[in-house]
$ cat protein.pdb   # PDB, C-alpha atoms
MODEL        1
ATOM      1  CA  MET A   6      25.388 -65.484 -27.567  1.00  0.00           C
ATOM      2  CA  ALA A   7      26.035 -67.711 -24.550  1.00  0.00           C
ATOM      3  CA  PHE A   8      22.781 -69.599 -25.079  1.00  0.00           C
ATOM      4  CA  ALA A   9      23.293 -70.443 -28.774  1.00  0.00           C
ATOM      5  CA  GLY A  10      22.246 -74.039 -29.333  1.00  0.00           C
ATOM      6  CA  VAL A  11      20.149 -74.060 -26.153  1.00  0.00           C
ATOM      7  CA  LEU A  12      17.626 -71.292 -26.825  1.00  0.00           C
ATOM      8  CA  ASN A  13      16.056 -69.829 -29.964  1.00  0.00           C
ATOM      9  CA  ASP A  14      17.430 -66.326 -30.735  1.00  0.00           C
ATOM     10  CA  ALA A  15      14.006 -64.918 -31.628  1.00  0.00           C
ATOM     11  CA  GLU A  16      12.481 -66.160 -28.350  1.00  0.00           C
ATOM     12  CA  VAL A  17      15.374 -64.687 -26.357  1.00  0.00           C
ATOM     13  CA  LYS A  18      14.973 -61.318 -28.131  1.00  0.00           C
ATOM     14  CA  ALA A  19      11.232 -61.338 -27.384  1.00  0.00           C
ATOM     15  CA  ALA A  20      11.846 -62.255 -23.740  1.00  0.00           C
ATOM     16  CA  LEU A  21      14.392 -59.432 -23.355  1.00  0.00           C
ATOM     17  CA  ALA A  22      12.068 -56.952 -25.070  1.00  0.00           C
ATOM     18  CA  GLY A  23       9.352 -57.918 -22.577  1.00  0.00           C
ATOM     19  CA  CYS A  24      11.454 -56.724 -19.643  1.00  0.00           C
ATOM     20  CA  ALA A  25      13.427 -53.862 -21.205  1.00  0.00           C
ATOM     21  CA  ALA A  26      11.939 -51.269 -18.832  1.00  0.00           C
ATOM     22  CA  ALA A  27      13.363 -50.984 -15.313  1.00  0.00           C
ATOM     23  CA  ASP A  28      11.393 -52.961 -12.709  1.00  0.00           C
ATOM     24  CA  SER A  29       9.494 -54.912 -15.395  1.00  0.00           C
ATOM     25  CA  PHE A  30      11.413 -58.208 -15.002  1.00  0.00           C
ATOM     26  CA  ASN A  31       9.334 -61.233 -13.993  1.00  0.00           C
ATOM     27  CA  TYR A  32      11.271 -64.497 -13.917  1.00  0.00           C
ATOM     28  CA  LYS A  33       8.235 -66.693 -14.728  1.00  0.00           C
ATOM     29  CA  THR A  34       7.351 -64.590 -17.777  1.00  0.00           C
ATOM     30  CA  PHE A  35      10.989 -64.454 -18.871  1.00  0.00           C
ATOM     31  CA  PHE A  36      11.604 -68.211 -18.545  1.00  0.00           C
ATOM     32  CA  LYS A  37       8.427 -68.949 -20.538  1.00  0.00           C
ATOM     33  CA  ALA A  38       9.062 -66.333 -23.253  1.00  0.00           C
ATOM     34  CA  SER A  39      12.711 -67.355 -23.704  1.00  0.00           C
ATOM     35  CA  GLY A  40      11.760 -71.008 -24.050  1.00  0.00           C
ATOM     36  CA  LEU A  41      13.881 -72.040 -21.047  1.00  0.00           C
ATOM     37  CA  ALA A  42      10.850 -73.269 -19.080  1.00  0.00           C
ATOM     38  CA  GLY A  43      10.221 -75.933 -21.737  1.00  0.00           C
ATOM     39  CA  LYS A  44      13.781 -77.259 -21.837  1.00  0.00           C
ATOM     40  CA  SER A  45      15.082 -80.558 -20.432  1.00  0.00           C
ATOM     41  CA  SER A  46      16.734 -80.685 -17.019  1.00  0.00           C
ATOM     42  CA  ASP A  47      20.135 -81.096 -18.730  1.00  0.00           C
ATOM     43  CA  GLU A  48      19.573 -77.921 -20.760  1.00  0.00           C
ATOM     44  CA  VAL A  49      18.469 -76.056 -17.622  1.00  0.00           C
ATOM     45  CA  LYS A  50      21.710 -77.230 -15.939  1.00  0.00           C
ATOM     46  CA  LYS A  51      23.681 -75.828 -18.902  1.00  0.00           C
ATOM     47  CA  ALA A  52      21.865 -72.505 -18.459  1.00  0.00           C
ATOM     48  CA  PHE A  53      22.725 -72.532 -14.744  1.00  0.00           C
ATOM     49  CA  ALA A  54      26.414 -73.089 -15.575  1.00  0.00           C
ATOM     50  CA  ILE A  55      26.390 -70.100 -17.964  1.00  0.00           C
ATOM     51  CA  ILE A  56      24.780 -67.802 -15.371  1.00  0.00           C
ATOM     52  CA  ASP A  57      27.105 -69.050 -12.589  1.00  0.00           C
ATOM     53  CA  GLN A  58      29.969 -66.959 -13.954  1.00  0.00           C
ATOM     54  CA  ASP A  59      32.453 -67.688 -11.167  1.00  0.00           C
ATOM     55  CA  ASN A  60      31.715 -71.454 -11.284  1.00  0.00           C
ATOM     56  CA  SER A  61      31.022 -71.533  -7.547  1.00  0.00           C
ATOM     57  CA  GLY A  62      28.053 -73.878  -7.946  1.00  0.00           C
ATOM     58  CA  PHE A  63      25.739 -71.049  -6.900  1.00  0.00           C
ATOM     59  CA  ILE A  64      24.241 -67.953  -8.498  1.00  0.00           C
ATOM     60  CA  GLU A  65      25.007 -65.091  -6.130  1.00  0.00           C
ATOM     61  CA  GLU A  66      23.264 -61.724  -5.973  1.00  0.00           C
ATOM     62  CA  GLU A  67      25.860 -59.995  -8.187  1.00  0.00           C
ATOM     63  CA  GLU A  68      25.459 -62.677 -10.889  1.00  0.00           C
ATOM     64  CA  LEU A  69      21.671 -62.320 -10.674  1.00  0.00           C
ATOM     65  CA  LYS A  70      21.946 -58.560 -11.173  1.00  0.00           C
ATOM     66  CA  LEU A  71      23.675 -59.261 -14.527  1.00  0.00           C
ATOM     67  CA  PHE A  72      21.303 -62.143 -15.369  1.00  0.00           C
ATOM     68  CA  LEU A  73      19.874 -60.599 -18.565  1.00  0.00           C
ATOM     69  CA  GLN A  74      23.373 -59.902 -19.933  1.00  0.00           C
ATOM     70  CA  ASN A  75      23.943 -63.674 -20.156  1.00  0.00           C
ATOM     71  CA  PHE A  76      21.270 -63.687 -22.852  1.00  0.00           C
ATOM     72  CA  SER A  77      22.445 -60.550 -24.677  1.00  0.00           C
ATOM     73  CA  ALA A  78      25.543 -58.454 -23.945  1.00  0.00           C
ATOM     74  CA  GLY A  79      23.581 -55.248 -24.494  1.00  0.00           C
ATOM     75  CA  ALA A  80      20.796 -56.121 -22.058  1.00  0.00           C
ATOM     76  CA  ARG A  81      20.260 -54.022 -18.946  1.00  0.00           C
ATOM     77  CA  ALA A  82      21.259 -54.998 -15.432  1.00  0.00           C
ATOM     78  CA  LEU A  83      18.388 -55.866 -13.114  1.00  0.00           C
ATOM     79  CA  THR A  84      17.466 -53.184 -10.591  1.00  0.00           C
ATOM     80  CA  ASP A  85      18.225 -53.854  -6.912  1.00  0.00           C
ATOM     81  CA  LYS A  86      14.502 -54.419  -6.343  1.00  0.00           C
ATOM     82  CA  GLU A  87      14.278 -56.970  -9.189  1.00  0.00           C
ATOM     83  CA  THR A  88      17.490 -58.699  -8.086  1.00  0.00           C
ATOM     84  CA  LYS A  89      16.311 -59.064  -4.482  1.00  0.00           C
ATOM     85  CA  ALA A  90      12.859 -60.339  -5.559  1.00  0.00           C
ATOM     86  CA  PHE A  91      14.476 -62.844  -7.975  1.00  0.00           C
ATOM     87  CA  LEU A  92      16.865 -64.044  -5.252  1.00  0.00           C
ATOM     88  CA  ALA A  93      14.053 -64.357  -2.701  1.00  0.00           C
ATOM     89  CA  ALA A  94      11.967 -66.392  -5.168  1.00  0.00           C
ATOM     90  CA  GLY A  95      14.806 -68.804  -5.938  1.00  0.00           C
ATOM     91  CA  ASP A  96      16.622 -69.112  -2.613  1.00  0.00           C
ATOM     92  CA  SER A  97      14.488 -71.803  -0.977  1.00  0.00           C
ATOM     93  CA  ASP A  98      17.069 -72.766   1.679  1.00  0.00           C
ATOM     94  CA  GLY A  99      17.791 -69.181   2.771  1.00  0.00           C
ATOM     95  CA  ASP A 100      21.561 -69.214   2.187  1.00  0.00           C
ATOM     96  CA  GLY A 101      21.494 -66.025   0.095  1.00  0.00           C
ATOM     97  CA  MET A 102      22.360 -67.845  -3.153  1.00  0.00           C
ATOM     98  CA  ILE A 103      20.562 -69.949  -5.764  1.00  0.00           C
ATOM     99  CA  GLY A 104      21.892 -73.478  -6.204  1.00  0.00           C
ATOM    100  CA  ALA A 105      21.412 -75.644  -9.295  1.00  0.00           C
ATOM    101  CA  ASP A 106      18.345 -77.442  -7.907  1.00  0.00           C
ATOM    102  CA  GLU A 107      16.813 -74.171  -6.735  1.00  0.00           C
ATOM    103  CA  PHE A 108      17.404 -72.690 -10.210  1.00  0.00           C
ATOM    104  CA  ALA A 109      15.766 -75.689 -11.896  1.00  0.00           C
ATOM    105  CA  ALA A 110      12.727 -75.337  -9.613  1.00  0.00           C
ATOM    106  CA  LEU A 111      12.551 -71.602 -10.401  1.00  0.00           C
ATOM    107  CA  VAL A 112      12.690 -72.202 -14.178  1.00  0.00           C
ATOM    108  CA  LYS A 113       9.894 -74.792 -13.984  1.00  0.00           C
ATOM    109  CA  ALA A 114       7.748 -72.767 -11.518  1.00  0.00           C
TER     110      ALA A 114
ENDMDL
END
$ encode --input "protein.pdb" --output "structure tokens"
Amino acid sequence: MAFAGVLNDAEVKAALAGCAAADSFNYKTFFKASGLAGKSSDEVKKAFAIIDQDNSGFIEEEELKLFLQNFSAGARALTDKETKAFLAAGDSDGDGMIGADEFAALVKA
């Protein structure tokens, strides 16, 4: 698991179970249930680096679509609707991507 040492396995499983159905993903609920919302800014930065698979310094739409798979390889991809809503919530500067600071603000929202 990519988040071993950062997040508790049981909390991650519960968070994933809470959004297993298509169009049920809510980032605020997920970040709280997974324990990420309560982590330090350094730990949130580590999470950002894991999700930013191409190491571009940004989480692009395609990486967001596969967001849940960072927590568990067998997790579903987000639907287009969920991905676009997640991106809109996090992209505060309107560049079509989520930067590290935008991600931190989203996790703590």
$ atom_distance --input "protein.pdb" --atom1 "CA of Ala54 (chain A)" --atom2 "CA of Lys89 (chain A)"
20.5 Å
$ resolve_selection --input "protein.pdb" --expression "the PyMOL selection byres ((chain A and resi 92-100) around 12)" --output "PyMOL selection string"
chain A and resi 31-33+63-70+72+83+85-91+101-114
$ closest_residue --input "protein.pdb" --among "A:Ala19, A:Ala7, A:Ile55, A:Ala26" --to "Ala38 (chain A)" --atoms "only C-alpha atoms"
A:Ala19
$ resolve_selection --input "protein.pdb" --expression "the PyMOL selection byres ((chain A and resi 12) around 10)" --output "list in words"
Met6, Ala7, Phe8, Ala9, Gly10, Val11, Asn13, Asp14, Ala15, Glu16, Val17, Ser39, Gly40, Leu41, Lys44, Glu48, Ala52 and Phe76 of chain A
$ closest_residue --input "protein.pdb" --among "A:Ala20, A:Ser46, A:Ser61, A:Asp28" --to "Ser77 (chain A)" --atoms "all atoms listed in the file"
A:Ala20
$ atom_distance --input "protein.pdb" --atom1 "CA of Phe35 (chain A)" --atom2 "CA of Gly23 (chain A)"
7.7 Å
$ atom_distance --input "protein.pdb" --atom1 "CA of Leu73 (chain A)" --atom2 "CA of Lys51 (chain A)"
15.7 Å
$ closest_residue --input "protein.pdb" --among "A:Val49, A:Gly79, A:Thr84, A:Asn60" --to "Ala22 (chain A)" --atoms "all atoms listed in the file"
A:Gly79
$ axis_aligned_box --input "protein.pdb" --around "region 89-99 of chain A" --padding-each-side "5 Å" --output "AutoDock Vina command-line options"
--center_x 14.9 --center_y -65.9 --center_z -2.6 --size_x 15.8 --size_y 23.7 --size_z 20.7
$ closest_residue --input "protein.pdb" --among "A:Ala42, A:Leu21, A:Ala27, A:Ile56" --to "Asn75 (chain A)" --atoms "all atoms listed in the file"
A:Ile56
$ build_atoms --input "protein.pdb" --residues "region 66-77 of chain A" --atoms "N, CA and C atoms" --output "short mmCIF file (atom, residue, chain, number, x, y, z; two decimals), in the coordinates of the input"
data_model
loop_
_atom_site.label_atom_id
_atom_site.label_comp_id
_atom_site.auth_asym_id
_atom_site.auth_seq_id
_atom_site.Cartn_x
_atom_site.Cartn_y
_atom_site.Cartn_z
N GLU A 66 24.03 -62.93 -5.67
CA GLU A 66 23.26 -61.72 -5.97
C GLU A 66 23.88 -60.92 -7.12
N GLU A 67 25.20 -60.79 -7.14
CA GLU A 67 25.86 -60.00 -8.19
C GLU A 67 25.66 -60.64 -9.57
N GLU A 68 25.70 -61.97 -9.62
CA GLU A 68 25.46 -62.68 -10.89
C GLU A 68 24.01 -62.52 -11.32
N LEU A 69 23.09 -62.52 -10.36
CA LEU A 69 21.67 -62.32 -10.67
C LEU A 69 21.43 -60.94 -11.25
N LYS A 70 22.10 -59.94 -10.70
CA LYS A 70 21.95 -58.56 -11.17
C LYS A 70 22.26 -58.48 -12.68
N LEU A 71 23.24 -59.26 -13.12
CA LEU A 71 23.68 -59.26 -14.53
C LEU A 71 23.02 -60.39 -15.33
N PHE A 72 21.99 -61.00 -14.77
CA PHE A 72 21.30 -62.14 -15.37
C PHE A 72 20.96 -61.95 -16.84
N LEU A 73 20.33 -60.82 -17.19
CA LEU A 73 19.87 -60.60 -18.57
C LEU A 73 21.04 -60.50 -19.54
N GLN A 74 22.21 -60.06 -19.06
CA GLN A 74 23.37 -59.90 -19.93
C GLN A 74 23.95 -61.25 -20.37
N ASN A 75 23.56 -62.34 -19.70
CA ASN A 75 23.94 -63.67 -20.16
C ASN A 75 23.22 -64.02 -21.46
N PHE A 76 22.08 -63.41 -21.66
CA PHE A 76 21.27 -63.69 -22.85
C PHE A 76 21.62 -62.75 -24.00
N SER A 77 22.05 -61.54 -23.67
CA SER A 77 22.44 -60.55 -24.68
C SER A 77 23.36 -59.53 -24.00
#
